[in-house]
Amino acid sequence: MSDTQAITVESLKADFKTQFNTNSVGTYFAPGRINLIGEHTDYNGGRVFPCAISLGTYAAVAPRTDQTVRLYSANFPKLGIIEFDLTNLSYDKKDNWANYPKGVFHFFKEHGYQLDHGFDIFVNGNLPNGSGLSSSASIEMLFGKILTDQFNLTIDQVDVVKIGMEVENKFIGVNSGIMDQFAVGMGQKDHAILLDTNTLKYELVPIKLQDYKIIIMNTNKRRELADSKYNERRSECEEALKRINTVFKVDSLGALNKDTFDEYTYAINDDTLIRRARHAVFENQRTGLATDALKAGDLNTFGKLVNASHVSLEYDYEVTGKELDTLAHSAWQNGALGARMTGAGFGGCAIAIVKEDHIQDFIANVGQAYKAAIGYDADFYIAEIADGPKKLA
Ligand code: ADP
Ligand code: MG
């Protein structure tokens, strides 16, 4: 995070003026996201159940009359102003973080939207970067909103979401599914999004947690191995599906249920691949059951499914690691109704559902247990479920 001070319309306007020596004309916000349940299912044709959160990325914007885009992020002050031209929007390593917005400009143009002038843009976020709360989707969707609004474009929000994913896949080179951009781009206050990643059909489900809150627990561990392990899991699932397909035709692991999985597991014929596929199949089932439980106001069942998700990610999918396990296990011991890692894993964040009047004790106890086991501090935030991208002023 850039600092502990609140980011406001006034601070954005003042900071813009300091950087660019002129006045901004608009300010914008895009959230981060947590995933409540349905992890590593999005590239397996399964369901996910994420929501947007009130931590996110802000910008102040002024149009320019030429083709130049000049960007400054308060989160990367050492890099100063990064500049590129609308006539040359190819990926350039030295543009660092600015490749995310550059990719958004690139794909808007490639999809035929006229962008006939550049901008000066000041960015500031209060979302930890690289911690699994999707600061990258947040910045992509922030720029999607800026371009849509500034150029008065008629574009379906789901198409902006798809552009965000294209930036990630084809521009940055991260082989991720559509969940992050969808959660950030389509978020609605106090709702989570049940998304079928095969069909992109979705349903906004009201989240009524009674006297409970969702606590985000940040391991503060960088996800070093995340990309290579992520790709390894993807290919393991592809291989498991291929083997199942030799005896039973199905489009994705997410299309299997308990019965078909049990019946055809033998075709996978490899212990590790069976465990990976088992996670994909049952996590998808759990996501449906968890959504039903929430709709019925049955928080206890929801919590149990959240715990089962972590166990499956720990033992079958093996994407948690000591830091996330310490947080989840300690949360269970300290009275959380449910707790699990969220995001891709290997570091990043976990979430816990905690009774409001117990939050202070919970944070103190889990924080202490984490420091004792890992050697450095975890960070804790209360997650408010927020709206998607918006113009502030
Ligand atoms: P995550 O999406 O889990 O936070 P990623 O590695 O996918 O982690 O994305 C983090 C990257 O996104 C940062 O290294 C930076 O390049 C870019 N980014 C995110 N937020 C900002 C910001 N506020 N200012 C500039 N760049 C940002
Ligand atoms: Mg990301």
# chains A, B, ... in the order shown; residues from 1 in each chain; ligands from 1
call {"tool": "select_by_dssp", "arguments": {"residues": "range 26-86 of chain A", "states": "strand (DSSP E or B)", "output": "PyMOL selection string"}}
result
chain A and resi 26-37+47-63+68-73+82-85
call {"tool": "residues_near_ligand", "arguments": {"ligand": "ligand 1", "cutoff": "9 Å", "atoms": "only C-alpha atoms and all ligand atoms", "output": "PyMOL selection string"}}
result
chain A and resi 1-2+32+56-59+72-76+96-101+123-140+168+174+180+223+343-344+348
call {"tool": "closest_residue", "arguments": {"among": "A:Val9, A:Leu313, A:Ala14, A:Val184", "to": "ligand 2", "atoms": "only C-alpha atoms and all ligand atoms"}}
result
A:Val184
call {"tool": "select_by_dssp", "arguments": {"residues": "range 91-228 of chain A", "states": "helix (DSSP H, G or I)", "output": "PyMOL selection string"}}
result
chain A and resi 93-110+135-150+157-172+179-186+226-228
call {"tool": "residues_around", "arguments": {"residues": "Tyr230 in chain A", "least_positions_apart": "6", "cutoff": "10 Å", "atoms": "only C-alpha atoms", "output": "MDAnalysis selection string"}}
result
chainID A and resid 40 174:176 236 319 344:346
call {"tool": "residues_around", "arguments": {"residues": "Phe362 in chain A", "least_positions_apart": "3", "cutoff": "9 Å", "atoms": "only C-alpha atoms", "output": "PyMOL selection string"}}
result
chain A and resi 331+334-336+354+358-359+365-367
call {"tool": "residues_around", "arguments": {"residues": "Leu305 in chain A", "least_positions_apart": "6", "cutoff": "10 Å", "atoms": "only C-alpha atoms", "output": "list in words"}}
result
Ile37, Glu283, Gln285, Arg286, Thr287, Leu289, Ala290, Thr291, Ala293, Leu299, Val311, Gly338, Ala339 and Arg340 of chain A
call {"tool": "write_last_selection", "arguments": {"atoms": "N, CA and C atoms", "output": "mmCIF file, in the first residue's frame"}}
result
data_model
loop_
_atom_site.group_PDB
_atom_site.id
_atom_site.type_symbol
_atom_site.label_atom_id
_atom_site.label_comp_id
_atom_site.auth_asym_id
_atom_site.auth_seq_id
_atom_site.Cartn_x
_atom_site.Cartn_y
_atom_site.Cartn_z
ATOM 1 N N ILE A 37 -15.572 -18.843 -2.411
ATOM 2 C CA ILE A 37 -15.347 -20.295 -2.603
ATOM 3 C C ILE A 37 -15.376 -20.576 -4.113
ATOM 4 N N GLU A 283 -14.676 -29.177 -5.635
ATOM 5 C CA GLU A 283 -14.720 -27.739 -5.323
ATOM 6 C C GLU A 283 -15.891 -27.095 -6.079
ATOM 7 N N GLN A 285 -18.654 -28.650 -6.895
ATOM 8 C CA GLN A 285 -19.867 -29.073 -6.171
ATOM 9 C C GLN A 285 -20.056 -28.224 -4.908
ATOM 10 N N ARG A 286 -18.958 -28.041 -4.164
ATOM 11 C CA ARG A 286 -19.031 -27.250 -2.922
ATOM 12 C C ARG A 286 -19.500 -25.829 -3.197
ATOM 13 N N THR A 287 -19.091 -25.270 -4.324
ATOM 14 C CA THR A 287 -19.455 -23.890 -4.637
ATOM 15 C C THR A 287 -20.969 -23.757 -4.782
ATOM 16 N N LEU A 289 -23.209 -25.810 -3.404
ATOM 17 C CA LEU A 289 -23.802 -26.051 -2.083
ATOM 18 C C LEU A 289 -23.634 -24.831 -1.175
ATOM 19 N N ALA A 290 -22.468 -24.177 -1.273
ATOM 20 C CA ALA A 290 -22.197 -23.013 -0.417
ATOM 21 C C ALA A 290 -23.134 -21.866 -0.774
ATOM 22 N N THR A 291 -23.376 -21.686 -2.070
ATOM 23 C CA THR A 291 -24.283 -20.625 -2.506
ATOM 24 C C THR A 291 -25.698 -20.910 -2.012
ATOM 25 N N ALA A 293 -26.496 -22.620 0.615
ATOM 26 C CA ALA A 293 -26.512 -22.423 2.070
ATOM 27 C C ALA A 293 -26.665 -20.938 2.400
ATOM 28 N N LEU A 299 -25.507 -20.097 7.708
ATOM 29 C CA LEU A 299 -24.092 -19.709 7.753
ATOM 30 C C LEU A 299 -23.191 -20.841 8.219
ATOM 31 N N VAL A 311 -9.108 -27.406 2.980
ATOM 32 C CA VAL A 311 -8.516 -28.739 3.164
ATOM 33 C C VAL A 311 -8.199 -29.359 1.800
ATOM 34 N N GLY A 338 -15.667 -20.042 9.333
ATOM 35 C CA GLY A 338 -15.047 -20.681 8.180
ATOM 36 C C GLY A 338 -13.798 -19.893 7.833
ATOM 37 N N ALA A 339 -12.790 -20.569 7.282
ATOM 38 C CA ALA A 339 -11.583 -19.853 6.843
ATOM 39 C C ALA A 339 -10.905 -20.652 5.749
ATOM 40 N N ARG A 340 -10.378 -19.944 4.761
ATOM 41 C CA ARG A 340 -9.684 -20.609 3.656
ATOM 42 C C ARG A 340 -8.770 -19.623 2.949
#
call {"tool": "closest_residue", "arguments": {"among": "A:Ile178, A:Tyr376, A:Tyr113, A:Thr197", "to": "ligand 2", "atoms": "only C-alpha atoms and all ligand atoms"}}
result
A:Ile178
call {"tool": "residues_around", "arguments": {"residues": "Glu83 in chain A", "least_positions_apart": "3", "cutoff": "7 Å", "atoms": "only C-alpha atoms", "output": "list in words"}}
result
Thr68, Val69, Arg70 and Leu71 of chain A
call {"tool": "residues_around", "arguments": {"residues": "Lys17 in chain A", "least_positions_apart": "6", "cutoff": "10 Å", "atoms": "only C-alpha atoms", "output": "list in words"}}
result
Ser11, Asn23, Ser24, Ala60 and Phe122 of chain A
call {"tool": "closest_residue", "arguments": {"among": "A:Ala192, A:Ile244, A:Ile382, A:Leu253", "to": "His279 in chain A", "atoms": "only C-alpha atoms"}}
result
A:Leu253
